[in-house]
Amino acid sequence: MARFPVALRRPSGLLFAALLAGAAAGADPAAAQTVTDFAIPTPASGASAIAAGPDGNLWFTEGAANRIGRVTPGGVFTEFPLPAAGSFPTSIARGADGNLWFTENGANRIGRITTSGVVTEFPIPSAFAAGGPSEITAGPDGALWFTETDGAAGGRIRRVTTAGQFTLFAPPNPSQSPHQIVAGPDGSLWFSMPFSGRVGRATTGGVVSEFPISTPGSDSLALAAGPDGAVWIAEHLAAGDRLGRVAPDGGIADVPIPPVAGAIRGMTAGPDGALWLTEFDAGKIARATTSGAVMEFPLPAGSQPSGITAGPDGAIWFVEAAANRIGRITTGPTGPCAPDPRALCLSGGRFRVVAEWRSSTASGAGDAVRLTDDSGYFWFFSANNIEMVVKTLNGCGLNSRFWVFAGGLTNVEVTLTVTDLHAGATRRYVNPLGTAFLPLQDTSAFATCP
């Protein structure tokens with residue numbers, strides 16, 4: 001293993017044609033975004049996917065180099081070679097067991113790596129002779145779910161437990177090849193189906209359904225669980241990619257945006273309540289609000305960004321496949337908080353607070369109810385069952401900090417994310433599954449006064 005810190009930092013920001021209805025008024029928020037590039041130590045590593053790990057670092061796949069990489073928020077790399085040559089790791093996700101799980105497309109295996117770098121591999125039973133596992137995600141049932149293709153146009157969905165036990169689920173139309181897969185807020189797994197004009201859903205019980213995309217002639221590639229409790233897809237069209245919002249019943253509503261001409265390869269929800277996208281062909285990162293305002297951030301020529309994820313530091317991290325770099329873009333400041341059913345806007349709109357929960361059988365985003373300008377609560381299962389209360393306080397006159405206090409009436413896993421939209425800073429607090437929510441009294445949360 002080798003460790004290398006190397007970075008290039010630059011300001012970035014370009015308004016996309018015009019901000020549509022719903023964009024924040026005032027100063028150009030793009031001017032505050034900063035992009036930092038970190039060169040991957042191994043040349044031509046074939047990096048493609050990236051995920052935030054439980055250790056506060058970012059983990060990524062290096063297909064051509066046959067390695068799993070780790071980079072700290074400060075840009076220090078560590079690379080872990082896989083045991084067998086030709087494994088070609090492709091996709092990676094954080095598992096409920098605190099490890100990172102990845103697909104080995106070239107070896108028909110699912111791999112697991114601990115945060116200390118110990119690799120275990122699980123051969124896929126009755127695997128396709130050609131093709132292999134593609135994309136992987138953590139399911140709401142504590143298992144890992146992944147897509148599998150046969151090298152042509154066919155594919156299927158599989159589930160693997162953290163003990164390495166596999167279950168196969170065939171889609172209604174096996175000739176349609178599933179690709180990216182995410183856990184939805186409805187407790188199901190949703191997957192894209194390129195070249196089919198459809199998007200798929202698999203329940204944890206194995207019922208697989210397919211739904212047509214509303215825009216004629218479009219296909220889905222990238223998708224993500226959005227900040228608003230819906231699944232979002234990138235609809236690929238000859239005239240340019242656009243976004244679709246998928247309801248739990250499979251209904252898809254197009255969200256009008258200027259067509260994106262860069263082939264959206266990756267999508268993730270950011271701590272700022274927006275969707276962040278990679279435009280592979282155009283070499284750009286884009287930020288899209290759920291109301292349709294889009295902003296683009298150009299990268300150096302030849303970057304070809306692909307995988308993207310929200311980092312533990314409140315920034316967005318992405319892979320620059322052709323440039324052999326890992327990129328980081330700050331998410332703020334982005335203007336005042338925009339209220340929505342799953343976010344609290346506190347302290348005059350300066351702070352945005354969201355709560356994500358996970359039980360042993362389901363997961364989702366908490367519903368937010370505002371109490372005062374500085375406080376509110378979340379419910380998870382029913383509106384008359386309060387799960388946690390949170391408030392933000394201005395302690396600038398006492399210790400030059402903004403404070404975050406929270407209390408819970410739950411023992412499910414809770415990830416509380418508080419974002420200072422004026423400064424672009426984020427704090428995350430996690431209550432583990434099966435643990436009574438302990439009081440949170442962080443009087444050093446944000447050193448962003450005034």
# chains A, B, ... in the order shown; residues from 1 in each chain; ligands from 1
call {"tool": "select_by_dssp", "arguments": {"residues": "region 21-195 of chain A", "states": "strand (DSSP E)", "output": "JSON, numbers by chain"}}
result
{"A": [34, 35, 36, 37, 38, 39, 47, 48, 49, 50, 51, 52, 58, 59, 60, 61, 62, 67, 68, 69, 70, 71, 76, 77, 78, 79, 80, 81, 89, 90, 91, 92, 93, 94, 100, 101, 102, 103, 104, 109, 110, 111, 112, 113, 119, 120, 121, 122, 123, 132, 133, 134, 135, 136, 137, 138, 144, 145, 146, 147, 148, 149, 155, 156, 157, 158, 159, 160, 166, 167, 168, 169, 181, 182, 183, 189, 190, 191, 192, 193]}
call {"tool": "residues_around", "arguments": {"residues": "region 52-64 of chain A", "least_positions_apart": "2", "cutoff": "7 Å", "atoms": "only C-alpha atoms", "output": "list in words"}}
result
Ser45, Gly46, Ala47, Ser48, Ala49, Ile50, Asn66, Arg67, Ile68, Gly69, Arg70, Val71, Thr72, Pro73, Phe88, Pro89, Thr90, Ser91, Ile92, Arg94, Gly98, Leu100, Thr115, Thr309, Ala310, Gly311 and Pro312 of chain A
call {"tool": "write_last_selection", "arguments": {"atoms": "N, CA, C and O atoms", "output": "compact mmCIF listing (two decimals), in the first residue's frame"}}
result
# COMPACT_ATOMS: atom_id res chain seq x y z
N SER A 45 -5.84 4.17 -13.87
CA SER A 45 -6.39 3.20 -12.92
C SER A 45 -7.76 2.67 -13.31
O SER A 45 -8.20 1.65 -12.80
N GLY A 46 -8.46 3.38 -14.21
CA GLY A 46 -9.80 2.94 -14.58
C GLY A 46 -10.81 3.18 -13.48
O GLY A 46 -11.78 2.41 -13.34
N ALA A 47 -10.63 4.24 -12.70
CA ALA A 47 -11.57 4.54 -11.62
C ALA A 47 -12.94 4.87 -12.19
O ALA A 47 -13.05 5.49 -13.25
N SER A 48 -13.99 4.45 -11.49
CA SER A 48 -15.33 4.70 -12.02
C SER A 48 -16.35 5.06 -10.95
O SER A 48 -17.11 6.01 -11.10
N ALA A 49 -16.43 4.32 -9.84
CA ALA A 49 -17.47 4.53 -8.83
C ALA A 49 -16.85 4.99 -7.52
O ALA A 49 -15.68 4.69 -7.23
N ILE A 50 -17.65 5.68 -6.70
CA ILE A 50 -17.15 6.20 -5.43
C ILE A 50 -18.27 6.17 -4.40
O ILE A 50 -19.45 6.33 -4.74
N ASN A 66 -7.19 -3.00 -10.94
CA ASN A 66 -7.59 -4.14 -10.12
C ASN A 66 -7.40 -3.85 -8.62
O ASN A 66 -6.89 -4.65 -7.86
N ARG A 67 -7.86 -2.65 -8.23
CA ARG A 67 -7.68 -2.22 -6.84
C ARG A 67 -8.93 -1.51 -6.33
O ARG A 67 -9.77 -1.04 -7.11
N ILE A 68 -9.01 -1.43 -5.01
CA ILE A 68 -9.95 -0.55 -4.34
C ILE A 68 -9.14 0.58 -3.73
O ILE A 68 -8.12 0.34 -3.07
N GLY A 69 -9.58 1.81 -3.97
CA GLY A 69 -8.84 2.95 -3.47
C GLY A 69 -9.59 3.64 -2.33
O GLY A 69 -10.81 3.56 -2.22
N ARG A 70 -8.82 4.29 -1.48
CA ARG A 70 -9.38 5.08 -0.39
C ARG A 70 -8.67 6.44 -0.39
O ARG A 70 -7.46 6.52 -0.54
N VAL A 71 -9.46 7.50 -0.22
CA VAL A 71 -8.88 8.84 -0.14
C VAL A 71 -9.51 9.56 1.04
O VAL A 71 -10.72 9.52 1.23
N THR A 72 -8.69 10.19 1.85
CA THR A 72 -9.19 10.96 2.98
C THR A 72 -9.71 12.30 2.47
O THR A 72 -9.37 12.73 1.36
N PRO A 73 -10.53 13.01 3.26
CA PRO A 73 -10.97 14.35 2.83
C PRO A 73 -9.82 15.31 2.59
O PRO A 73 -9.98 16.29 1.88
N PHE A 88 -11.60 -6.63 -12.08
CA PHE A 88 -12.23 -5.42 -12.61
C PHE A 88 -13.36 -4.92 -11.70
O PHE A 88 -14.54 -4.99 -12.05
N PRO A 89 -13.01 -4.40 -10.52
CA PRO A 89 -14.04 -3.83 -9.64
C PRO A 89 -14.73 -2.65 -10.32
O PRO A 89 -14.06 -1.81 -10.93
N THR A 90 -16.05 -2.61 -10.21
CA THR A 90 -16.82 -1.64 -10.99
C THR A 90 -17.62 -0.68 -10.14
O THR A 90 -17.54 0.53 -10.30
N SER A 91 -18.41 -1.18 -9.20
CA SER A 91 -19.29 -0.35 -8.38
C SER A 91 -19.00 -0.63 -6.92
O SER A 91 -18.54 -1.73 -6.56
N ILE A 92 -19.28 0.34 -6.04
CA ILE A 92 -18.97 0.18 -4.62
C ILE A 92 -20.04 0.88 -3.79
O ILE A 92 -20.59 1.90 -4.19
N ARG A 94 -21.46 1.34 0.61
CA ARG A 94 -21.28 1.09 2.05
C ARG A 94 -22.36 0.13 2.52
O ARG A 94 -23.55 0.34 2.26
N GLY A 98 -20.86 -2.02 8.16
CA GLY A 98 -19.70 -1.16 8.37
C GLY A 98 -18.55 -1.44 7.43
O GLY A 98 -17.45 -0.88 7.61
N LEU A 100 -17.24 -1.95 3.11
CA LEU A 100 -17.53 -1.53 1.75
C LEU A 100 -17.69 -2.77 0.89
O LEU A 100 -16.90 -3.72 0.99
N THR A 115 -12.59 -1.44 6.51
CA THR A 115 -11.94 -0.13 6.47
C THR A 115 -10.44 -0.22 6.75
O THR A 115 -9.71 0.74 6.54
N THR A 309 -20.86 11.05 -5.18
CA THR A 309 -21.46 10.76 -3.89
C THR A 309 -21.33 11.97 -2.97
O THR A 309 -20.45 12.83 -3.18
N ALA A 310 -22.18 12.05 -1.97
CA ALA A 310 -22.05 13.07 -0.93
C ALA A 310 -21.02 12.60 0.07
O ALA A 310 -21.06 11.46 0.55
N GLY A 311 -20.06 13.46 0.40
CA GLY A 311 -18.99 13.09 1.30
C GLY A 311 -19.30 13.38 2.75
O GLY A 311 -20.25 14.10 3.07
N PRO A 312 -18.51 12.85 3.66
CA PRO A 312 -18.72 13.07 5.09
C PRO A 312 -18.40 14.50 5.54
O PRO A 312 -18.74 14.88 6.65
call {"tool": "residues_around", "arguments": {"residues": "Thr215 (chain A)", "least_positions_apart": "6", "cutoff": "9 Å", "atoms": "only C-alpha atoms", "output": "number ranges by chain"}}
result
A: 197, 235, 237, 254
call {"tool": "residues_around", "arguments": {"residues": "Ala365 (chain A)", "least_positions_apart": "2", "cutoff": "9 Å", "atoms": "only C-alpha atoms", "output": "PDB file with N, CA, C and O atoms, in the first residue's frame"}}
result
ATOM      1  N   PRO A 185     -37.064   5.482  -0.939  1.00  0.00           N
ATOM      2  CA  PRO A 185     -37.677   5.824   0.351  1.00  0.00           C
ATOM      3  C   PRO A 185     -38.894   4.978   0.675  1.00  0.00           C
ATOM      4  O   PRO A 185     -39.380   5.012   1.808  1.00  0.00           O
ATOM      5  N   PRO A 227     -33.618  14.148  -2.292  1.00  0.00           N
ATOM      6  CA  PRO A 227     -33.749  14.767  -0.971  1.00  0.00           C
ATOM      7  C   PRO A 227     -35.201  15.002  -0.566  1.00  0.00           C
ATOM      8  O   PRO A 227     -35.479  15.397   0.556  1.00  0.00           O
ATOM      9  N   ASP A 228     -36.139  14.756  -1.502  1.00  0.00           N
ATOM     10  CA  ASP A 228     -37.546  15.037  -1.264  1.00  0.00           C
ATOM     11  C   ASP A 228     -38.374  13.780  -1.029  1.00  0.00           C
ATOM     12  O   ASP A 228     -39.602  13.830  -1.049  1.00  0.00           O
ATOM     13  N   GLY A 229     -37.731  12.636  -0.818  1.00  0.00           N
ATOM     14  CA  GLY A 229     -38.455  11.401  -0.570  1.00  0.00           C
ATOM     15  C   GLY A 229     -38.882  10.667  -1.819  1.00  0.00           C
ATOM     16  O   GLY A 229     -39.675   9.721  -1.739  1.00  0.00           O
ATOM     17  N   ARG A 342     -39.688  17.367   4.048  1.00  0.00           N
ATOM     18  CA  ARG A 342     -38.714  16.536   4.741  1.00  0.00           C
ATOM     19  C   ARG A 342     -37.478  17.317   5.178  1.00  0.00           C
ATOM     20  O   ARG A 342     -36.442  16.730   5.445  1.00  0.00           O
ATOM     21  N   VAL A 354     -32.171  17.757   7.912  1.00  0.00           N
ATOM     22  CA  VAL A 354     -32.894  16.578   7.445  1.00  0.00           C
ATOM     23  C   VAL A 354     -32.507  15.387   8.315  1.00  0.00           C
ATOM     24  O   VAL A 354     -31.409  15.339   8.885  1.00  0.00           O
ATOM     25  N   ALA A 355     -33.415  14.419   8.423  1.00  0.00           N
ATOM     26  CA  ALA A 355     -33.173  13.214   9.214  1.00  0.00           C
ATOM     27  C   ALA A 355     -33.514  11.996   8.370  1.00  0.00           C
ATOM     28  O   ALA A 355     -34.638  11.871   7.870  1.00  0.00           O
ATOM     29  N   GLU A 356     -32.547  11.106   8.181  1.00  0.00           N
ATOM     30  CA  GLU A 356     -32.782   9.837   7.488  1.00  0.00           C
ATOM     31  C   GLU A 356     -32.777   8.726   8.518  1.00  0.00           C
ATOM     32  O   GLU A 356     -31.956   8.724   9.445  1.00  0.00           O
ATOM     33  N   TRP A 357     -33.684   7.757   8.378  1.00  0.00           N
ATOM     34  CA  TRP A 357     -33.801   6.695   9.367  1.00  0.00           C
ATOM     35  C   TRP A 357     -33.727   5.332   8.702  1.00  0.00           C
ATOM     36  O   TRP A 357     -34.001   5.179   7.512  1.00  0.00           O
ATOM     37  N   ARG A 358     -33.346   4.335   9.492  1.00  0.00           N
ATOM     38  CA  ARG A 358     -33.316   2.950   9.016  1.00  0.00           C
ATOM     39  C   ARG A 358     -33.628   2.022  10.175  1.00  0.00           C
ATOM     40  O   ARG A 358     -32.988   2.090  11.225  1.00  0.00           O
ATOM     41  N   SER A 363     -36.443   1.810   5.553  1.00  0.00           N
ATOM     42  CA  SER A 363     -35.669   3.042   5.706  1.00  0.00           C
ATOM     43  C   SER A 363     -36.403   4.164   5.006  1.00  0.00           C
ATOM     44  O   SER A 363     -37.321   3.939   4.214  1.00  0.00           O
ATOM     45  N   ASP A 367     -40.247  13.027   8.132  1.00  0.00           N
ATOM     46  CA  ASP A 367     -41.110  14.152   7.797  1.00  0.00           C
ATOM     47  C   ASP A 367     -40.892  15.261   8.828  1.00  0.00           C
ATOM     48  O   ASP A 367     -40.886  15.003  10.041  1.00  0.00           O
ATOM     49  N   PHE A 380     -41.306   9.552  11.695  1.00  0.00           N
ATOM     50  CA  PHE A 380     -40.853   8.561  10.719  1.00  0.00           C
ATOM     51  C   PHE A 380     -41.983   7.649  10.231  1.00  0.00           C
ATOM     52  O   PHE A 380     -42.071   7.344   9.046  1.00  0.00           O
TER      53      PHE A 380
END
call {"tool": "atom_distance", "arguments": {"atom1": "CA of Thr167 (chain A)", "atom2": "CA of Leu82 (chain A)"}}
result
24.6 Å
call {"tool": "atom_distance", "arguments": {"atom1": "CA of Gly302 (chain A)", "atom2": "CA of Pro41 (chain A)"}}
result
18.1 Å
call {"tool": "closest_residue", "arguments": {"among": "A:Val182, A:Val389, A:Leu243, A:Ala96", "to": "Ala224 (chain A)", "atoms": "only C-alpha atoms"}}
result
A:Val182
call {"tool": "closest_residue", "arguments": {"among": "A:Ser382, A:Thr289, A:Asn105, A:Thr443", "to": "Gly273 (chain A)", "atoms": "only C-alpha atoms"}}
result
A:Thr289
call {"tool": "residues_around", "arguments": {"residues": "Cys449 (chain A)", "least_positions_apart": "3", "cutoff": "9 Å", "atoms": "only C-alpha atoms", "output": "PDB file with C-alpha atoms, in the first residue's frame"}}
result
ATOM      1  CA  ASN A 394     -26.721  31.266  17.791  1.00  0.00           C
ATOM      2  CA  GLY A 395     -23.878  31.037  20.285  1.00  0.00           C
ATOM      3  CA  CYS A 396     -21.649  33.490  18.423  1.00  0.00           C
ATOM      4  CA  SER A 400     -18.105  32.114  18.282  1.00  0.00           C
ATOM      5  CA  ARG A 401     -20.076  29.032  17.273  1.00  0.00           C
ATOM      6  CA  PHE A 402     -23.554  28.039  16.150  1.00  0.00           C
ATOM      7  CA  PHE A 446     -20.333  25.460  13.250  1.00  0.00           C
TER       8      PHE A 446
END
call {"tool": "atom_distance", "arguments": {"atom1": "CA of Ser126 (chain A)", "atom2": "CA of Thr103 (chain A)"}}
result
15.7 Å
call {"tool": "decode", "arguments": {"residues": "region 287-298 of chain A", "atoms": "all heavy atoms", "output": "PDB file, in the first residue's frame"}}
result
ATOM      1  N   ARG A 287     -25.642  20.932 -10.649  1.00  0.00           N
ATOM      2  CA  ARG A 287     -26.486  20.956  -9.463  1.00  0.00           C
ATOM      3  C   ARG A 287     -27.903  21.282  -9.899  1.00  0.00           C
ATOM      4  O   ARG A 287     -28.136  22.281 -10.579  1.00  0.00           O
ATOM      5  CB  ARG A 287     -25.984  22.002  -8.459  1.00  0.00           C
ATOM      6  CG  ARG A 287     -26.850  22.151  -7.209  1.00  0.00           C
ATOM      7  CD  ARG A 287     -26.340  23.310  -6.346  1.00  0.00           C
ATOM      8  NE  ARG A 287     -27.087  23.407  -5.094  1.00  0.00           N
ATOM      9  CZ  ARG A 287     -28.204  24.134  -4.936  1.00  0.00           C
ATOM     10  NH1 ARG A 287     -28.701  24.813  -5.978  1.00  0.00           N
ATOM     11  NH2 ARG A 287     -28.821  24.168  -3.780  1.00  0.00           N
ATOM     12  N   ALA A 288     -28.869  20.429  -9.531  1.00  0.00           N
ATOM     13  CA  ALA A 288     -30.257  20.629  -9.924  1.00  0.00           C
ATOM     14  C   ALA A 288     -31.146  20.616  -8.693  1.00  0.00           C
ATOM     15  O   ALA A 288     -31.065  19.698  -7.875  1.00  0.00           O
ATOM     16  CB  ALA A 288     -30.697  19.536 -10.893  1.00  0.00           C
ATOM     17  N   THR A 289     -31.973  21.639  -8.559  1.00  0.00           N
ATOM     18  CA  THR A 289     -32.936  21.643  -7.470  1.00  0.00           C
ATOM     19  C   THR A 289     -34.148  20.813  -7.884  1.00  0.00           C
ATOM     20  O   THR A 289     -34.357  20.525  -9.070  1.00  0.00           O
ATOM     21  CB  THR A 289     -33.397  23.065  -7.132  1.00  0.00           C
ATOM     22  OG1 THR A 289     -34.185  23.580  -8.219  1.00  0.00           O
ATOM     23  CG2 THR A 289     -32.208  23.989  -6.906  1.00  0.00           C
ATOM     24  N   THR A 290     -34.957  20.423  -6.920  1.00  0.00           N
ATOM     25  CA  THR A 290     -36.143  19.617  -7.219  1.00  0.00           C
ATOM     26  C   THR A 290     -37.221  20.434  -7.939  1.00  0.00           C
ATOM     27  O   THR A 290     -38.186  19.846  -8.427  1.00  0.00           O
ATOM     28  CB  THR A 290     -36.725  19.022  -5.927  1.00  0.00           C
ATOM     29  OG1 THR A 290     -36.993  20.079  -4.999  1.00  0.00           O
ATOM     30  CG2 THR A 290     -35.739  18.041  -5.306  1.00  0.00           C
ATOM     31  N   SER A 291     -37.031  21.734  -8.029  1.00  0.00           N
ATOM     32  CA  SER A 291     -37.975  22.562  -8.774  1.00  0.00           C
ATOM     33  C   SER A 291     -37.491  22.875 -10.185  1.00  0.00           C
ATOM     34  O   SER A 291     -38.174  23.538 -10.948  1.00  0.00           O
ATOM     35  CB  SER A 291     -38.238  23.873  -8.014  1.00  0.00           C
ATOM     36  OG  SER A 291     -37.041  24.598  -7.834  1.00  0.00           O
ATOM     37  N   GLY A 292     -36.289  22.414 -10.540  1.00  0.00           N
ATOM     38  CA  GLY A 292     -35.838  22.534 -11.917  1.00  0.00           C
ATOM     39  C   GLY A 292     -34.784  23.572 -12.199  1.00  0.00           C
ATOM     40  O   GLY A 292     -34.491  23.831 -13.365  1.00  0.00           O
ATOM     41  N   ALA A 293     -34.191  24.188 -11.195  1.00  0.00           N
ATOM     42  CA  ALA A 293     -33.092  25.134 -11.429  1.00  0.00           C
ATOM     43  C   ALA A 293     -31.787  24.363 -11.550  1.00  0.00           C
ATOM     44  O   ALA A 293     -31.468  23.549 -10.694  1.00  0.00           O
ATOM     45  CB  ALA A 293     -33.011  26.149 -10.296  1.00  0.00           C
ATOM     46  N   VAL A 294     -31.049  24.609 -12.614  1.00  0.00           N
ATOM     47  CA  VAL A 294     -29.825  23.858 -12.898  1.00  0.00           C
ATOM     48  C   VAL A 294     -28.638  24.808 -13.012  1.00  0.00           C
ATOM     49  O   VAL A 294     -28.735  25.880 -13.599  1.00  0.00           O
ATOM     50  CB  VAL A 294     -29.958  23.044 -14.202  1.00  0.00           C
ATOM     51  CG1 VAL A 294     -28.658  22.300 -14.520  1.00  0.00           C
ATOM     52  CG2 VAL A 294     -31.113  22.065 -14.102  1.00  0.00           C
ATOM     53  N   MET A 295     -27.535  24.395 -12.429  1.00  0.00           N
ATOM     54  CA  MET A 295     -26.292  25.148 -12.495  1.00  0.00           C
ATOM     55  C   MET A 295     -25.184  24.171 -12.859  1.00  0.00           C
ATOM     56  O   MET A 295     -25.168  23.041 -12.375  1.00  0.00           O
ATOM     57  CB  MET A 295     -26.015  25.795 -11.145  1.00  0.00           C
ATOM     58  CG  MET A 295     -24.928  26.833 -11.118  1.00  0.00           C
ATOM     59  SD  MET A 295     -24.720  27.459  -9.435  1.00  0.00           S
ATOM     60  CE  MET A 295     -26.381  28.058  -9.118  1.00  0.00           C
ATOM     61  N   GLU A 296     -24.264  24.587 -13.718  1.00  0.00           N
ATOM     62  CA  GLU A 296     -23.177  23.717 -14.145  1.00  0.00           C
ATOM     63  C   GLU A 296     -21.823  24.264 -13.699  1.00  0.00           C
ATOM     64  O   GLU A 296     -21.626  25.487 -13.632  1.00  0.00           O
ATOM     65  CB  GLU A 296     -23.185  23.555 -15.667  1.00  0.00           C
ATOM     66  CG  GLU A 296     -24.358  22.734 -16.183  1.00  0.00           C
ATOM     67  CD  GLU A 296     -24.297  22.579 -17.689  1.00  0.00           C
ATOM     68  OE1 GLU A 296     -24.045  23.591 -18.365  1.00  0.00           O
ATOM     69  OE2 GLU A 296     -24.498  21.452 -18.180  1.00  0.00           O
ATOM     70  N   PHE A 297     -20.896  23.332 -13.448  1.00  0.00           N
ATOM     71  CA  PHE A 297     -19.549  23.679 -13.021  1.00  0.00           C
ATOM     72  C   PHE A 297     -18.568  22.941 -13.927  1.00  0.00           C
ATOM     73  O   PHE A 297     -18.415  21.720 -13.833  1.00  0.00           O
ATOM     74  CB  PHE A 297     -19.334  23.296 -11.560  1.00  0.00           C
ATOM     75  CG  PHE A 297     -20.346  23.904 -10.632  1.00  0.00           C
ATOM     76  CD1 PHE A 297     -21.489  23.220 -10.296  1.00  0.00           C
ATOM     77  CD2 PHE A 297     -20.165  25.179 -10.113  1.00  0.00           C
ATOM     78  CE1 PHE A 297     -22.436  23.777  -9.450  1.00  0.00           C
ATOM     79  CE2 PHE A 297     -21.099  25.752  -9.273  1.00  0.00           C
ATOM     80  CZ  PHE A 297     -22.245  25.043  -8.947  1.00  0.00           C
ATOM     81  N   PRO A 298     -17.910  23.661 -14.850  1.00  0.00           N
ATOM     82  CA  PRO A 298     -17.007  23.005 -15.800  1.00  0.00           C
ATOM     83  C   PRO A 298     -15.754  22.453 -15.130  1.00  0.00           C
ATOM     84  O   PRO A 298     -15.216  23.056 -14.202  1.00  0.00           O
ATOM     85  CB  PRO A 298     -16.643  24.122 -16.784  1.00  0.00           C
ATOM     86  CG  PRO A 298     -17.514  25.274 -16.446  1.00  0.00           C
ATOM     87  CD  PRO A 298     -17.994  25.092 -15.051  1.00  0.00           C
TER      88      PRO A 298
END
